[in-house]
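Engineer: Following this line is data.pdb, made up of PDB, C-alpha atoms:
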```pdb
ATOM      1  CA  MET Q   1      26.921  -3.700 -13.150
ATOM      2  CA  ALA Q   2      23.263  -2.977 -12.545
ATOM      3  CA  THR Q   3      22.368   0.347 -11.012
ATOM      4  CA  GLN Q   4      20.273   0.569  -7.895
ATOM      5  CA  GLY Q   5      16.593   1.317  -8.280
ATOM      6  CA  LYS Q   6      13.279  -0.456  -8.451
ATOM      7  CA  PRO Q   7      12.706  -2.305 -11.750
ATOM      8  CA  ARG Q   8      10.000  -1.023 -14.070
ATOM      9  CA  TRP Q   9       7.856  -4.072 -13.418
ATOM     10  CA  TYR Q  10       8.006  -3.601  -9.634
ATOM     11  CA  LYS Q  11       4.587  -2.396  -8.525
ATOM     12  CA  PRO Q  12       3.887  -2.617  -4.781
ATOM     13  CA  ASP Q  13       0.540  -3.737  -3.504
ATOM     14  CA  ALA Q  14      -1.449  -0.563  -2.738
ATOM     15  CA  GLY Q  15      -3.145  -2.028   0.333
ATOM     16  CA  LEU Q  16       0.109  -3.332   1.748
ATOM     17  CA  ALA Q  17       1.820   0.001   1.067
ATOM     18  CA  ALA Q  18      -1.028   1.831   2.827
ATOM     19  CA  ARG Q  19      -0.672  -0.369   5.907
ATOM     20  CA  MET Q  20       3.064   0.317   6.043
ATOM     21  CA  VAL Q  21       2.493   4.076   5.686
ATOM     22  CA  LEU Q  22      -0.144   3.993   8.431
ATOM     23  CA  THR Q  23       2.209   2.069  10.729
ATOM     24  CA  MET Q  24       5.015   4.572  10.123
ATOM     25  CA  PHE Q  25       2.575   7.440  10.762
ATOM     26  CA  LEU Q  26       1.463   5.928  14.067
ATOM     27  CA  LEU Q  27       5.089   5.403  15.051
ATOM     28  CA  GLY Q  28       5.822   9.044  14.275
ATOM     29  CA  LEU Q  29       2.795  10.154  16.284
ATOM     30  CA  VAL Q  30       3.892   8.094  19.286
ATOM     31  CA  TYR Q  31       7.377   9.565  19.092
ATOM     32  CA  VAL Q  32       6.114  13.163  18.792
ATOM     33  CA  VAL Q  33       3.978  12.711  21.921
ATOM     34  CA  PHE Q  34       6.928  11.085  23.686
ATOM     35  CA  ALA Q  35       9.244  13.979  22.783
ATOM     36  CA  GLY Q  36       6.619  16.416  24.094
ATOM     37  CA  VAL Q  37       6.438  14.583  27.427
ATOM     38  CA  LEU Q  38      10.231  14.632  27.742
ATOM     39  CA  ALA Q  39      10.290  18.383  27.092
ATOM     40  CA  TRP Q  40       7.482  18.990  29.610
ATOM     41  CA  VAL Q  41       9.110  17.091  32.487
ATOM     42  CA  GLY Q  42      12.463  18.757  31.877
ATOM     43  CA  ILE Q  43      14.530  15.640  31.124
ATOM     44  CA  PRO Q  44      17.668  16.505  29.115
ATOM     45  CA  TRP Q  45      16.415  14.461  26.177
ATOM     46  CA  PRO Q  46      18.873  15.935  23.612
ATOM     47  CA  TYR Q  47      21.617  13.926  25.288
ATOM     48  CA  LEU Q  48      19.538  10.795  24.984
ATOM     49  CA  VAL Q  49      18.818  11.533  21.331
ATOM     50  CA  ILE Q  50      22.550  11.937  20.711
ATOM     51  CA  GLY Q  51      23.107   8.593  22.400
ATOM     52  CA  ALA Q  52      20.410   7.004  20.265
ATOM     53  CA  VAL Q  53      21.919   8.528  17.098
ATOM     54  CA  LEU Q  54      25.232   6.897  17.948
ATOM     55  CA  ILE Q  55      23.532   3.561  18.590
ATOM     56  CA  ALA Q  56      21.484   3.821  15.373
ATOM     57  CA  GLY Q  57      24.611   4.686  13.397
ATOM     58  CA  PHE Q  58      26.429   1.735  14.888
ATOM     59  CA  GLN Q  59      23.447  -0.487  14.093
ATOM     60  CA  LEU Q  60      23.257   0.723  10.495
ATOM     61  CA  PHE Q  61      26.970   0.434   9.730
ATOM     62  CA  PHE Q  62      27.964  -2.577  11.818
ATOM     63  CA  SER Q  63      24.872  -4.741  12.376
ATOM     64  CA  ASP Q  64      25.595  -6.657   9.156
ATOM     65  CA  LYS Q  65      29.061  -7.569  10.421
ATOM     66  CA  ILE Q  66      27.630  -8.581  13.801
ATOM     67  CA  ALA Q  67      24.927 -10.724  12.162
ATOM     68  CA  LEU Q  68      27.413 -12.451   9.883
ATOM     69  CA  ALA Q  69      29.902 -12.991  12.696
ATOM     70  CA  SER Q  70      27.228 -14.403  15.007
ATOM     71  CA  MET Q  71      26.332 -16.972  12.341
ATOM     72  CA  LYS Q  72      30.018 -17.600  11.496
ATOM     73  CA  ALA Q  73      29.270 -16.798   7.868
ATOM     74  CA  GLN Q  74      32.097 -17.206   5.372
ATOM     75  CA  PHE Q  75      32.311 -15.212   2.152
ATOM     76  CA  VAL Q  76      32.649 -17.312  -0.987
ATOM     77  CA  ASP Q  77      33.885 -16.277  -4.420
ATOM     78  CA  GLU Q  78      32.857 -17.526  -7.845
ATOM     79  CA  GLN Q  79      35.442 -20.310  -7.816
ATOM     80  CA  GLN Q  80      34.154 -21.646  -4.491
ATOM     81  CA  ALA Q  81      30.434 -21.465  -5.348
ATOM     82  CA  PRO Q  82      30.019 -20.967  -9.112
ATOM     83  CA  LYS Q  83      26.396 -22.152  -9.293
ATOM     84  CA  LEU Q  84      25.285 -19.938  -6.415
ATOM     85  CA  HIS Q  85      27.101 -16.909  -7.842
ATOM     86  CA  ASP Q  86      25.535 -17.471 -11.250
ATOM     87  CA  MET Q  87      22.053 -17.841  -9.771
ATOM     88  CA  ILE Q  88      22.307 -14.750  -7.554
ATOM     89  CA  GLY Q  89      23.987 -12.678 -10.267
ATOM     90  CA  ARG Q  90      21.219 -13.482 -12.737
ATOM     91  CA  LEU Q  91      18.441 -12.690 -10.261
ATOM     92  CA  ALA Q  92      20.173  -9.478  -9.151
ATOM     93  CA  ALA Q  93      20.329  -8.361 -12.793
ATOM     94  CA  GLN Q  94      16.599  -9.106 -13.166
ATOM     95  CA  ALA Q  95      15.974  -7.063 -10.008
ATOM     96  CA  ASN Q  96      18.147  -4.185 -11.306
ATOM     97  CA  LEU Q  97      20.576  -4.546  -8.404
ATOM     98  CA  PRO Q  98      24.346  -4.848  -8.087
ATOM     99  CA  LYS Q  99      25.218  -8.436  -7.237
ATOM    100  CA  PRO Q 100      25.577  -8.602  -3.441
ATOM    101  CA  LYS Q 101      28.439 -10.284  -1.682
ATOM    102  CA  ILE Q 102      27.656 -13.930  -0.980
ATOM    103  CA  ALA Q 103      28.297 -15.758   2.276
ATOM    104  CA  ILE Q 104      27.708 -19.341   3.356
ATOM    105  CA  VAL Q 105      26.529 -20.257   6.851
ATOM    106  CA  GLU Q 106      27.304 -23.733   8.146
ATOM    107  CA  THR Q 107      24.047 -24.748   9.804
ATOM    108  CA  SER Q 108      21.405 -27.388   9.225
ATOM    109  CA  ILE Q 109      18.649 -24.741   9.355
ATOM    110  CA  PRO Q 110      17.352 -24.266   5.788
ATOM    111  CA  ASN Q 111      17.256 -20.480   5.484
ATOM    112  CA  ALA Q 112      18.721 -17.288   4.035
ATOM    113  CA  PHE Q 113      18.993 -13.641   4.992
ATOM    114  CA  ALA Q 114      20.152 -10.344   3.502
ATOM    115  CA  THR Q 115      21.919  -7.610   5.411
ATOM    116  CA  GLY Q 116      23.798  -4.376   4.703
ATOM    117  CA  ARG Q 117      22.913  -0.693   4.843
ATOM    118  CA  ASP Q 118      22.300  -0.309   1.081
ATOM    119  CA  ALA Q 119      22.503  -2.150  -2.220
ATOM    120  CA  ASN Q 120      26.196  -1.359  -2.651
ATOM    121  CA  HIS Q 121      27.060  -2.876   0.734
ATOM    122  CA  ALA Q 122      24.606  -5.772   0.737
ATOM    123  CA  VAL Q 123      25.441  -9.319   1.738
ATOM    124  CA  LEU Q 124      23.275 -12.329   0.953
ATOM    125  CA  ALA Q 125      23.857 -15.248   3.320
ATOM    126  CA  ILE Q 126      22.743 -18.746   2.385
ATOM    127  CA  THR Q 127      22.779 -21.644   4.832
ATOM    128  CA  THR Q 128      24.163 -25.036   3.911
ATOM    129  CA  GLY Q 129      20.880 -26.397   5.233
ATOM    130  CA  LEU Q 130      19.024 -24.559   2.466
ATOM    131  CA  MET Q 131      21.353 -25.850  -0.241
ATOM    132  CA  SER Q 132      21.002 -29.434   0.993
ATOM    133  CA  SER Q 133      17.311 -29.248   1.896
ATOM    134  CA  GLY Q 134      16.103 -30.840  -1.303
ATOM    135  CA  LEU Q 135      14.534 -27.617  -2.594
ATOM    136  CA  SER Q 136      14.520 -27.362  -6.356
ATOM    137  CA  ASP Q 137      16.547 -24.668  -8.106
ATOM    138  CA  PRO Q 138      13.399 -22.582  -8.831
ATOM    139  CA  GLU Q 139      12.451 -22.763  -5.132
ATOM    140  CA  ILE Q 140      15.937 -21.641  -4.046
ATOM    141  CA  GLU Q 141      15.758 -18.849  -6.617
ATOM    142  CA  ALA Q 142      12.444 -17.726  -5.104
ATOM    143  CA  VAL Q 143      14.039 -17.571  -1.647
ATOM    144  CA  ILE Q 144      16.947 -15.554  -3.022
ATOM    145  CA  ALA Q 145      14.563 -13.195  -4.843
ATOM    146  CA  HIS Q 146      12.747 -12.609  -1.531
ATOM    147  CA  GLU Q 147      16.014 -11.520   0.070
ATOM    148  CA  LEU Q 148      16.931  -9.337  -2.909
ATOM    149  CA  THR Q 149      13.595  -7.547  -2.488
ATOM    150  CA  HIS Q 150      14.597  -6.630   1.067
ATOM    151  CA  ILE Q 151      17.621  -4.910  -0.487
ATOM    152  CA  ILE Q 152      15.468  -3.169  -3.127
ATOM    153  CA  ASN Q 153      13.152  -1.856  -0.404
ATOM    154  CA  HIS Q 154      16.021  -0.563   1.802
ATOM    155  CA  ASP Q 155      14.604  -2.575   4.682
ATOM    156  CA  MET Q 156      17.714  -2.275   6.857
ATOM    157  CA  LEU Q 157      17.514   1.538   6.681
ATOM    158  CA  VAL Q 158      13.734   1.596   7.171
ATOM    159  CA  MET Q 159      13.858  -0.592  10.286
ATOM    160  CA  THR Q 160      16.766   1.406  11.730
ATOM    161  CA  ILE Q 161      14.761   4.623  11.373
ATOM    162  CA  ALA Q 162      11.647   2.951  12.764
ATOM    163  CA  THR Q 163      13.459   1.774  15.901
ATOM    164  CA  PHE Q 164      15.229   5.071  16.566
ATOM    165  CA  PHE Q 165      12.989   6.613  19.247
ATOM    166  CA  SER Q 166      12.229   3.263  20.810
ATOM    167  CA  MET Q 167      15.954   3.217  21.560
ATOM    168  CA  VAL Q 168      15.581   6.648  23.198
ATOM    169  CA  ALA Q 169      12.758   5.280  25.362
ATOM    170  CA  SER Q 170      14.840   2.259  26.253
ATOM    171  CA  LEU Q 171      17.780   4.477  27.217
ATOM    172  CA  ILE Q 172      15.551   6.528  29.502
ATOM    173  CA  VAL Q 173      14.155   3.456  31.238
ATOM    174  CA  ARG Q 174      17.652   2.090  31.786
ATOM    175  CA  SER Q 175      18.847   5.495  32.963
ATOM    176  CA  PHE Q 176      16.085   5.618  35.576
ATOM    177  CA  ILE Q 177      16.870   2.106  36.734
ATOM    178  CA  TRP Q 178      20.587   2.786  37.120
ATOM    179  CA  SER Q 179      19.957   6.178  38.761
ATOM    180  CA  SER Q 180      17.592   4.661  41.301
ATOM    181  CA  MET Q 181      20.122   1.957  42.096
ATOM    182  CA  PHE Q 182      23.042   4.354  42.543
ATOM    183  CA  GLY Q 183      22.290   7.511  44.469
ATOM    184  CA  GLY Q 184      18.781   8.533  43.537
ATOM    185  CA  MET Q 185      17.494  10.109  40.356
ATOM    186  CA  GLY Q 186      20.390  12.495  39.841
ATOM    187  CA  GLY Q 187      18.182  15.554  39.364
ATOM    188  CA  TYR Q 188      15.863  14.031  36.754
ATOM    189  CA  GLY Q 189      12.478  15.664  36.587
ATOM    190  CA  ARG Q 190      13.298  18.739  38.643
ATOM    191  CA  ARG Q 191      11.138  20.928  36.506
ATOM    192  CA  GLY Q 192      10.200  24.425  37.499
ATOM    193  CA  GLY Q 193      13.373  25.516  39.245
ATOM    194  CA  GLY Q 194      14.170  22.239  40.963
ATOM    195  CA  ASN Q 195      10.991  21.881  43.003
ATOM    196  CA  ASN Q 196      11.516  18.601  44.829
ATOM    197  CA  ASP Q 197       7.893  18.440  45.999
ATOM    198  CA  ASN Q 198       6.679  17.165  42.639
ATOM    199  CA  SER Q 199       9.926  15.736  41.254
ATOM    200  CA  GLY Q 200       8.947  12.200  42.201
ATOM    201  CA  MET Q 201       5.644  12.484  40.322
ATOM    202  CA  ILE Q 202       7.361  13.987  37.275
ATOM    203  CA  VAL Q 203       9.946  11.226  37.259
ATOM    204  CA  LEU Q 204       7.145   8.662  37.458
ATOM    205  CA  ILE Q 205       5.344  10.316  34.512
ATOM    206  CA  ALA Q 206       8.534  10.303  32.439
ATOM    207  CA  LEU Q 207       9.229   6.675  33.280
ATOM    208  CA  LEU Q 208       5.655   5.661  32.452
ATOM    209  CA  ALA Q 209       5.780   7.572  29.149
ATOM    210  CA  SER Q 210       9.055   5.831  28.257
ATOM    211  CA  VAL Q 211       7.646   2.385  29.020
ATOM    212  CA  VAL Q 212       4.431   3.035  27.090
ATOM    213  CA  THR Q 213       6.412   4.425  24.132
ATOM    214  CA  TYR Q 214       8.686   1.417  24.104
ATOM    215  CA  VAL Q 215       5.823  -1.106  24.280
ATOM    216  CA  VAL Q 216       3.640   0.602  21.658
ATOM    217  CA  SER Q 217       6.581   1.172  19.301
ATOM    218  CA  PHE Q 218       7.679  -2.435  19.800
ATOM    219  CA  ILE Q 219       4.260  -3.656  18.643
ATOM    220  CA  LEU Q 220       4.158  -1.236  15.694
ATOM    221  CA  ILE Q 221       7.708  -2.101  14.632
ATOM    222  CA  ARG Q 222       6.842  -5.808  14.675
ATOM    223  CA  ALA Q 223       3.783  -5.041  12.524
ATOM    224  CA  LEU Q 224       5.997  -3.083  10.107
ATOM    225  CA  SER Q 225       8.411  -6.026   9.985
ATOM    226  CA  ARG Q 226       5.539  -8.372   9.054
ATOM    227  CA  TYR Q 227       4.364  -6.027   6.301
ATOM    228  CA  ARG Q 228       7.890  -5.834   4.887
ATOM    229  CA  GLU Q 229       8.077  -9.625   4.792
ATOM    230  CA  LEU Q 230       4.855  -9.677   2.787
ATOM    231  CA  ALA Q 231       6.308  -7.021   0.472
ATOM    232  CA  ALA Q 232       9.444  -9.167   0.012
ATOM    233  CA  ASP Q 233       7.274 -12.196  -0.799
ATOM    234  CA  ARG Q 234       5.490 -10.113  -3.401
ATOM    235  CA  GLY Q 235       8.793  -8.907  -4.847
ATOM    236  CA  SER Q 236      10.050 -12.482  -5.103
ATOM    237  CA  ALA Q 237       6.945 -13.504  -7.036
ATOM    238  CA  LEU Q 238       7.392 -10.569  -9.420
ATOM    239  CA  ILE Q 239      11.108 -11.177  -9.984
ATOM    240  CA  THR Q 240      10.716 -14.881 -10.709
ATOM    241  CA  GLY Q 241       7.251 -14.692 -12.260
ATOM    242  CA  ALA Q 242       6.333 -17.848 -10.342
ATOM    243  CA  PRO Q 243       4.673 -17.281  -6.936
ATOM    244  CA  GLU Q 244       4.115 -21.031  -6.559
ATOM    245  CA  HIS Q 245       7.862 -21.630  -6.198
ATOM    246  CA  LEU Q 246       8.152 -19.350  -3.162
ATOM    247  CA  ALA Q 247       4.961 -20.857  -1.728
ATOM    248  CA  SER Q 248       6.337 -24.379  -1.962
ATOM    249  CA  ALA Q 249       9.719 -23.249  -0.584
ATOM    250  CA  LEU Q 250       8.063 -21.603   2.434
ATOM    251  CA  MET Q 251       6.038 -24.729   3.156
ATOM    252  CA  ARG Q 252       9.046 -27.016   2.887
ATOM    253  CA  ILE Q 253      11.306 -24.780   5.002
ATOM    254  CA  SER Q 254       8.612 -24.347   7.650
ATOM    255  CA  GLY Q 255       7.963 -28.086   7.695
ATOM    256  CA  THR Q 256      11.657 -28.858   8.207
ATOM    257  CA  ILE Q 257      11.915 -26.403  11.096
ATOM    258  CA  GLU Q 258       8.737 -27.576  12.815
ATOM    259  CA  THR Q 259       9.534 -31.286  12.680
ATOM    260  CA  GLY Q 260      12.338 -30.822  15.207
ATOM    261  CA  ARG Q 261      15.002 -32.524  13.075
ATOM    262  CA  ILE Q 262      17.381 -29.585  13.501
ATOM    263  CA  PRO Q 263      19.867 -29.686  16.424
ATOM    264  CA  LYS Q 264      19.186 -27.273  19.305
ATOM    265  CA  GLN Q 265      22.615 -25.660  19.001
ATOM    266  CA  ASP Q 266      21.714 -24.513  15.485
ATOM    267  CA  PHE Q 267      18.586 -22.819  16.822
ATOM    268  CA  ARG Q 268      20.627 -21.067  19.519
ATOM    269  CA  GLN Q 269      23.091 -19.879  16.882
ATOM    270  CA  ALA Q 270      20.251 -18.470  14.781
ATOM    271  CA  GLU Q 271      18.643 -16.510  17.611
ATOM    272  CA  THR Q 272      20.482 -13.242  16.911
ATOM    273  CA  VAL Q 273      19.410 -13.105  13.248
ATOM    274  CA  ASN Q 274      16.009 -14.739  13.554
ATOM    275  CA  ALA Q 275      14.196 -11.585  12.413
ATOM    276  CA  LEU Q 276      16.288 -11.535   9.217
ATOM    277  CA  PHE Q 277      15.466 -15.080   8.120
ATOM    278  CA  ILE Q 278      12.886 -15.715   5.400
ATOM    279  CA  VAL Q 279      11.170 -18.111   7.839
ATOM    280  CA  PRO Q 280      11.734 -17.618  11.595
ATOM    281  CA  ALA Q 281      13.860 -20.431  12.988
ATOM    282  CA  LEU Q 282      12.550 -20.002  16.540
ATOM    283  CA  ARG Q 283       9.170 -21.651  16.868
ATOM    284  CA  GLY Q 284       7.997 -19.270  19.598
ATOM    285  CA  GLU Q 285       7.756 -16.530  16.965
ATOM    286  CA  SER Q 286       4.503 -18.012  15.692
ATOM    287  CA  MET Q 287       2.853 -18.254  19.106
ATOM    288  CA  ALA Q 288       1.668 -14.643  19.226
ATOM    289  CA  THR Q 289       1.063 -12.845  15.929
ATOM    290  CA  LEU Q 290       1.084  -9.446  17.634
ATOM    291  CA  PHE Q 291       4.728  -9.870  18.675
ATOM    292  CA  SER Q 292       5.944 -11.828  15.655
ATOM    293  CA  THR Q 293       8.509 -10.465  13.195
ATOM    294  CA  HIS Q 294       6.955 -12.553  10.386
ATOM    295  CA  PRO Q 295       3.389 -12.962   9.129
ATOM    296  CA  SER Q 296       1.799 -16.360   9.496
ATOM    297  CA  LEU Q 297       2.537 -18.977   6.868
ATOM    298  CA  GLU Q 298      -1.174 -19.046   5.999
ATOM    299  CA  GLN Q 299      -1.195 -15.294   5.293
ATOM    300  CA  ARG Q 300       1.906 -15.524   3.121
ATOM    301  CA  LEU Q 301       0.543 -18.455   1.142
ATOM    302  CA  ALA Q 302      -2.798 -16.707   0.618
ATOM    303  CA  GLN Q 303      -1.038 -13.673  -0.877
ATOM    304  CA  LEU Q 304       1.087 -15.840  -3.160
ATOM    305  CA  GLN Q 305      -1.912 -17.901  -4.270
ATOM    306  CA  GLU Q 306      -3.785 -14.713  -5.174
ATOM    307  CA  MET Q 307      -0.787 -13.466  -7.163
ATOM    308  CA  GLN Q 308      -0.582 -16.826  -8.929
ATOM    309  CA  ARG Q 309      -4.253 -16.559  -9.870
ATOM    310  CA  GLN Q 310      -3.787 -13.007 -11.185
ATOM    311  CA  MET Q 311      -0.730 -13.970 -13.248
ATOM    312  CA  GLU Q 312      -2.480 -16.960 -14.765
ATOM    313  CA  SER Q 313      -5.509 -14.806 -15.634
ATOM    314  CA  ALA Q 314      -3.234 -12.241 -17.310
ATOM    315  CA  ARG Q 315      -1.510 -14.964 -19.350
ATOM    316  CA  ASN Q 316      -4.843 -16.281 -20.576
ATOM    317  CA  LEU Q 317      -6.006 -12.909 -21.897
TER     318      LEU Q 317
END
```
Could you quickly redo this structure as structure tokens?
Structural biologist:
Amino acid sequence: MATQGKPRWYKPDAGLAARMVLTMFLLGLVYVVFAGVLAWVGIPWPYLVIGAVLIAGFQLFFSDKIALASMKAQFVDEQQAPKLHDMIGRLAAQANLPKPKIAIVETSIPNAFATGRDANHAVLAITTGLMSSGLSDPEIEAVIAHELTHIINHDMLVMTIATFFSMVASLIVRSFIWSSMFGGMGGYGRRGGGNNDNSGMIVLIALLASVVTYVVSFILIRALSRYRELAADRGSALITGAPEHLASALMRISGTIETGRIPKQDFRQAETVNALFIVPALRGESMATLFSTHPSLEQRLAQLQEMQRQMESARNL
């Protein structure tokens, strides 16, 4: 069995890595300011952090099961899907990863997603729509390699950490809403010995800080998600050595989704795991880049075309 770790040939794009680091830094800065505001107004934020830790832990350890259950994914063994097991096992070995568990999702949407808190608990789900989409074996391999790169990059853990304090902000907003609906603010914001004269203003400041933190972190987290999709595209191209196969797969999958040939009930089923898909199944995701979990198809193709050019130049040397 392969041991976890990035393969020797895996070299991340420096510019892409810098953008991800900058996004994480800005997220950290937002959260530090938010924690300072909570301390200043006197809100018992440690309790909220504890609540967020519990939610984050639940998300990290059980979100894969929820995602698979929501899609009604069924695990398959080597006897049930020998070709798929062979393909994924070979690519996992090339990526220096343990072979993940494999699940099949009965849906006409041509897609795939990876989930699990680490490489030893990873699950790779493939839709029947992808297997019957007419994609060639190299194109399907490119899609699988994209998902394996998410596992290499620990994307489930990274996104759980990134969303941690946004969950704290969300808890505070909900706490204010429920407190205002049932018996006032319950003592929130009574800073300075319970001075009620300015408690309303302090509560308003805390609520505003929570909303701003949530909105800004939401935008930054979506940006981080887009960067990680680009990193997974890059990893796929490096694993397979053929960026053009992922490029053609992305175009064909996107074309199938956008033509409207897929039943609406399949789109509704996919809503809960849309951010995990290699191509978003919900068309609204592409309407506003700022709020999208995935980069535009044009941006992804441009990166793959540049990698193809670089690889061809290297081969000709």
Engineer: Run the PyMOL selection byres ((chain Q and resi 154) around 12) against the file shown and list the residues it catches, as an MDAnalysis selection string.
Structural biologist: chainID Q and resid 4:6 60 97 114:122 147:153 155:161 228 231:232
Engineer: I need the residue set behind the PyMOL selection byres ((chain Q and resi 214) around 8) for this file; please write it as a list of chain:residue names.
Structural biologist: Q:Ser166, Q:Met167, Q:Ala169, Q:Ser170, Q:Ser210, Q:Val211, Q:Val212, Q:Thr213, Q:Val215, Q:Val216, Q:Ser217, Q:Phe218
Engineer: Between atom CA of Q:Ser175 and atom CA of Q:Ile202, what is the distance, to one decimal in Å?
Structural biologist: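 These atoms are spaced 14.9 Å apart.
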Engineer: Need the shell around Q:Leu84: protein/DNA/RNA residues with any atom at most 12 Å away, counting all atoms listed in the file. Skip same-chain ones fewer than 4 positions apart. Format as a list in words?
Structural biologist: Val76, Asp77, Glu78, Gln79, Gln80, Ile88, Gly89, Arg90, Leu91, Ala92, Lys99, Pro100, Lys101, Ile102, Ala103, Ile104, Leu124, Ala125, Ile126, Thr127, Thr128, Leu130, Met131, Asp137, Ile140, Glu141 and Ile144 of chain Q
Engineer: Please, what distance in Å, to one decimal, runs between atom CA of Q:Asn111 and atom CA of Q:Gln74?
Structural biologist: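 Computed distance, atom CA of Q:Asn111 to atom CA of Q:Gln74, equals 15.2 Å.
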Engineer: For Q:Ser236, which of Q:Pro138, Q:Pro46, Q:Gly28, Q:Gly57 is the closest residue, counting only C-alpha atoms?
Structural biologist: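 Of Q:Pro138, Q:Pro46, Q:Gly28, Q:Gly57, the one nearest Q:Ser236 is Q:Pro138, counting only C-alpha atoms.
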Engineer: On this structure, which residues satisfy the PyMOL selection byres ((chain Q and resi 31) around 10), written as a ChimeraX atom specification?
Structural biologist: /Q:25-30,32-37,164-166,168-169,213-214,217
Engineer: Keeping only C-alpha atoms, write the selected residues to a file as a PDB file, in the coordinates of the input.
Structural biologist:
```pdb
ATOM      1  CA  PHE Q  25       2.575   7.440  10.762  1.00  0.00           C
ATOM      2  CA  LEU Q  26       1.463   5.928  14.067  1.00  0.00           C
ATOM      3  CA  LEU Q  27       5.089   5.403  15.051  1.00  0.00           C
ATOM      4  CA  GLY Q  28       5.822   9.044  14.275  1.00  0.00           C
ATOM      5  CA  LEU Q  29       2.795  10.154  16.284  1.00  0.00           C
ATOM      6  CA  VAL Q  30       3.892   8.094  19.286  1.00  0.00           C
ATOM      7  CA  VAL Q  32       6.114  13.163  18.792  1.00  0.00           C
ATOM      8  CA  VAL Q  33       3.978  12.711  21.921  1.00  0.00           C
ATOM      9  CA  PHE Q  34       6.928  11.085  23.686  1.00  0.00           C
ATOM     10  CA  ALA Q  35       9.244  13.979  22.783  1.00  0.00           C
ATOM     11  CA  GLY Q  36       6.619  16.416  24.094  1.00  0.00           C
ATOM     12  CA  VAL Q  37       6.438  14.583  27.427  1.00  0.00           C
ATOM     13  CA  PHE Q 164      15.229   5.071  16.566  1.00  0.00           C
ATOM     14  CA  PHE Q 165      12.989   6.613  19.247  1.00  0.00           C
ATOM     15  CA  SER Q 166      12.229   3.263  20.810  1.00  0.00           C
ATOM     16  CA  VAL Q 168      15.581   6.648  23.198  1.00  0.00           C
ATOM     17  CA  ALA Q 169      12.758   5.280  25.362  1.00  0.00           C
ATOM     18  CA  THR Q 213       6.412   4.425  24.132  1.00  0.00           C
ATOM     19  CA  TYR Q 214       8.686   1.417  24.104  1.00  0.00           C
ATOM     20  CA  SER Q 217       6.581   1.172  19.301  1.00  0.00           C
TER      21      SER Q 217
END
```
Engineer: Atom CA of Q:Ser225 and atom CA of Q:Thr293 are how many Å apart?
Structural biologist: 5.5 Å
Engineer: Would you please work out which residue, of Q:Asn316, Q:Gln299, Q:Ser248, Q:Ser254, is nearest to Q:Leu135 when using only C-alpha atoms?
Structural biologist: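 Ranking Q:Asn316, Q:Gln299, Q:Ser248, Q:Ser254 by distance to Q:Leu135, first place goes to Q:Ser248.
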Engineer: I need the residue nearest Q:Leu276 from this list: Q:Lys83, Q:Arg234, Q:His245, Q:His146. Use all atoms listed in the file for the distance.
Structural biologist: Q:His146
Engineer: What lies within 9 Å of Q:Met20 using only C-alpha atoms, ignoring chain neighbours under 3 positions off, as number ranges by chain?
Structural biologist: Q: 15-17, 23-25, 223-224, 227-228
Engineer: Excluding Q:Leu297 and its own-chain neighbours fewer than 4 positions away, which residues fall within 9 Å of it when counting only C-alpha atoms? Please give them as a list in words.
Structural biologist: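 In the requested form, the answer reads Leu250, Met251, Ser254, Val279, Leu301 and Ala302 of chain Q.
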Engineer: Save the residues we just selected, C-alpha atoms, as a PDB file, keeping the file's coordinate frame?
Structural biologist:
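The resulting file, result_1.pdb, is shown below:
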```pdb
ATOM      1  CA  LEU Q 250       8.063 -21.603   2.434  1.00  0.00           C
ATOM      2  CA  MET Q 251       6.038 -24.729   3.156  1.00  0.00           C
ATOM      3  CA  SER Q 254       8.612 -24.347   7.650  1.00  0.00           C
ATOM      4  CA  VAL Q 279      11.170 -18.111   7.839  1.00  0.00           C
ATOM      5  CA  LEU Q 301       0.543 -18.455   1.142  1.00  0.00           C
ATOM      6  CA  ALA Q 302      -2.798 -16.707   0.618  1.00  0.00           C
TER       7      ALA Q 302
END
```
